[in-house]
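A short worksheet on the structure shown next.
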Amino acid sequence: MRLTLLGGGGFRVPLVHSALLRDTHDRRIDELVLHDVTADRLAAIERILAQQAAGHDAPPRVSTTTDLDAALEGADFVFSAIRVGGLEGRTADERVALDLGVLGQETTGPGGIAYGLRTIPVSLDIAHRVRRQAPAAWVINFTNPAGMITQAMQTVLGDRVVGICDSPLGLGRRAAHALGLPAEQVHFGYSGLNHLGWLQRLEHRGEDVLQQLLQRPELLTFEEGQLFGADWLQSIGAIPNEYLFYYYFTRDAVAAIKGSAETRGEYLLRSQVEFYAQVAAAPERAYDLWTAARRARDETYMAEARADDEERDAEDVAGGGYEGVALALMAAIARGERASMLLNVRGRGALPGLPDDAVVEVPCTVDAGGPRPLAAVPLTGHPLGLVQQVKAVEELTIKAALEGDESLALQAFSLHPLVDSVTTAKTLLAGYRARIPTLDRVFGG
């Protein structure tokens with residue numbers, strides 16, 4: 001089977017390759033095509049993968065190309081992991097907002113809207129090319145903001161586009177581990193949107209044990225307990241996705257980010273430039289250099305949400321990520337191996353209170369026919385209101401990008417719960433247009 005990875009010169013590509021190397025099934029990916037717009041980065045990643053594959057029997061054949069149509073031709077699966085505007089765009093997403101005292105973050109708040117506006121047109125072009133070059137392919141979307149981009153691509157490819165994220169699965173696993181339960185024996189009653197969901201049930205042998213966890217000191221031993229604090233989690237009776245930190249503790253997050261020497265995007269941009277330069281200077285050490293750089297990136301993830309003396313949980317760093325989710329999804333579809341997964345799909349009524357065609361993040365059953373959402377634990381109270389508001393913002397952003405309509409984009413910024421006035425929204429939109437050429441071009445700039 002042939003897998004095409006868009007954004008193939010990206011830093012996280014070796015994680016996907018590593019997951020493919022661990023797959024020993026007869027029906028597995030035997031050809032990996034990497035596509036990127038930057039030939040130098042493709043060459044660096046190709047070198048890393050070659051070293052990573054050393055000692056493995058029958059690793060997938062790897063090829064690279066900057067020709068998108070050629071990359072897509074005949075693909076069985078397409079991974080979309082692109083970053084329109086590069087990390088330079090991400091630093092602008094963060095800084096334009098922070099300069100106004102507003103949260104500056106890649107997927108949450110105004111930064112996520114800016115990222116979506118410039119990414120949607122490119123993702124739609126990819127979707128049209130997939131329909132032409134590989135009409136039977138399944139598209140697995142890693143590109144952020146994952147829910148928004150998945151919903152936009154589905155306007156062209158329908159249910160053959162599936163969004164994935166490792167964050168809700170990681171939350172469920174950590175909660176199960178805190179209770180001493182094997183994750184594979186626990187059903188995660190999680191529902192919401194990408195980066196905006198809550199674990200409301202934790203079912204083991206037919207019993208909901210989440211409330212036991214909320215009342216026990218073990219709550220503080222894992223990532224979300226440390227992020228939100230036991231008193232707040234006990235108050236709301238659920239465990240939020242880690243990205244809810246930006247909503248529940250907005251002032252704290254803004255202050256922490258502004259108080260840092262650099263934003264996450266600035267750190268990644270600096271470390272990425274250093275990394276690719278190191279690989280170019282010492283190609284024989286490419287894989288070792290990547291391993292060291294990856295460890296540093298993982299350990300500093302969401303550092304603004306932790307105390308200065310608080311380190312990220314070691315098991316959380318070592319536990320793998322979205323590449324494992326992607327491999328499980330492909331296996332279920334390609335081999336008919338029935339699986340239960342948390343995915344971003346059209347809700348079709350699975351999450352009451354949202355349109356049927358809205359992409360939501362809920363438990364799904366997956367087999368050769370693809371994912372099917374299961375009835376999710378309903379959201380009520382403030383979680384439902386927040387999800388409805390953010391989904392309305394996502395849909396405005398998609399429409400603004402499709403139509404090149406600046407007034408719709410202004411509405412999206414203005415109505416986001418993390419933007420406090422229309423005046424601020426106008427300044428945000430003007431600032432993003434001035435700093436990010438790919439976004440400005442959406443509106444004819």
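We label chains A, B, ... in the order they appear in the structure tokens, count residues from 1 in each chain, and number ligands from 1 in the order shown.
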
Please, which residues of region 113-254 of chain A, numbered as in this document, come out strand (DSSP E) from DSSP, as a ChimeraX atom specification? /A:138-141,161-163,186-193,196-204,207-208,239-240

With DSSP run on the backbone, what are the helix (DSSP H, G or I) residues within region 227-355 of chain A? I'd like them as a PyMOL selection string. chain A and resi 227-228+230-236+242-248+250-259+264-281+283-299+303-305+314-318+322-335

Could you name the residues that touch Gln52 (chain A) at 12 Å or less, counting only C-alpha atoms, but leaving out those on the same chain fewer than 4 positions away, as a list in words? Val13, Pro14, Leu15, Val16, His17, Ser18, Ala19, Leu20, Leu21, Arg22, Ile45, Glu46, Arg47, Ile48, His56, Asp57, Pro59, Pro60, Val62, Glu284, Arg285, Ala286, Tyr287, Asp288, Leu289, Trp290 and Thr291 of chain A

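Around Leu171 (chain A), within 10 Å and counting only C-alpha atoms, the residues found are Asp166, Ser167, Pro168, Arg174, Ala175, Ala176, His177, Phe188, Tyr190, Trp198, Leu199, Phe222, Glu223, Glu224, Ile239, Pro240, Asn241, Glu242 and Asp316 of chain A, once anything fewer than 3 positions away on its own chain is removed.
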
Would you output that residue set with C-alpha atoms, as a short mmCIF file (atom, residue, chain, number, x, y, z; two decimals), in the first residue's frame?
```
data_model
loop_
_atom_site.label_atom_id
_atom_site.label_comp_id
_atom_site.auth_asym_id
_atom_site.auth_seq_id
_atom_site.Cartn_x
_atom_site.Cartn_y
_atom_site.Cartn_z
CA ASP A 166 -3.39 12.25 20.22
CA SER A 167 -4.45 14.64 22.99
CA PRO A 168 -7.81 13.03 24.01
CA ARG A 174 -3.39 9.01 31.92
CA ALA A 175 -6.69 8.96 33.80
CA ALA A 176 -6.87 5.16 33.57
CA HIS A 177 -3.26 4.83 34.69
CA PHE A 188 -13.30 6.88 27.44
CA TYR A 190 -14.91 11.94 25.87
CA TRP A 198 -13.97 16.88 28.24
CA LEU A 199 -13.59 13.38 29.70
CA PHE A 222 -0.87 13.13 36.11
CA GLU A 223 -0.74 15.98 33.64
CA GLU A 224 -4.30 17.35 33.74
CA ILE A 239 -11.40 16.31 33.22
CA PRO A 240 -10.86 18.79 30.37
CA ASN A 241 -8.49 18.44 27.46
CA GLU A 242 -5.21 20.16 28.29
CA ASP A 316 3.49 11.37 28.86
#
```

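For the residues A:Ile436, A:Leu87, A:Val209, A:Ala58, ranking by smallest atom-to-atom distance to Gly237 (chain A) using only C-alpha atoms places A:Val209 first.
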
Contacts of Ala293 (chain A) at 12 Å or less, counting only C-alpha atoms, minus same-chain residues fewer than 3 places along, as a PyMOL selection string? chain A and resi 11-12+267-268+270-276+278-279+286-290+296-300

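The closest residue to Lys391 (chain A), picked from A:Pro283, A:Gly55, A:Gly192, A:Gly229 and counting only C-alpha atoms, is A:Gly192.
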
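For the choices A:Leu233, A:Ala280, A:Asp23, A:Pro110, the atom-to-atom distance to Leu42 (chain A) is smallest for A:Ala280 when using only C-alpha atoms.
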
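For Ala332 (chain A), the list of residues within 12 Å, based on only C-alpha atoms and with local chain neighbours fewer than 2 positions off taken out, reads Arg27, Arg28, Val325, Ala326, Leu327, Ala328, Leu329, Met330, Ala334, Arg335, Gly336, Glu337, Arg338, Ala339, Ser340, Met341, Cys364, Thr365, Val366, Asp367, Ala368, Gly369, Gly370 and Pro371 of chain A.
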
Using only C-alpha atoms, find the one residue out of A:Ile120, A:Ile398, A:Ala253, A:Ala81 that sits nearest to Cys165 (chain A). A:Ala81

I want to know what sits within 7 Å of Val362 (chain A), based on only C-alpha atoms, with residues of the same chain fewer than 6 positions away left out; could you give that as a PyMOL selection string? chain A and resi 190-192+342-344+373+376

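Across A:Leu269, A:Leu410, A:Ala425, A:Ala70, the tightest approach to Thr397 (chain A) is made by A:Leu410 when counting only C-alpha atoms.
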
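Proximity ranking of A:Leu117, A:Ala434, A:Asp356, A:Leu103 relative to Glu406 (chain A) places A:Leu117 first, based on only C-alpha atoms.
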
Please compute the CA of Gly180 (chain A)-CA of Pro363 (chain A) distance, one decimal, in Å. 22.3 Å

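Across the model, the gap from CA of Tyr247 (chain A) to CA of Gly111 (chain A) is 13.9 Å.
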
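Atom to atom, CA of Gln133 (chain A) and CA of Arg118 (chain A) stand 23.7 Å apart.
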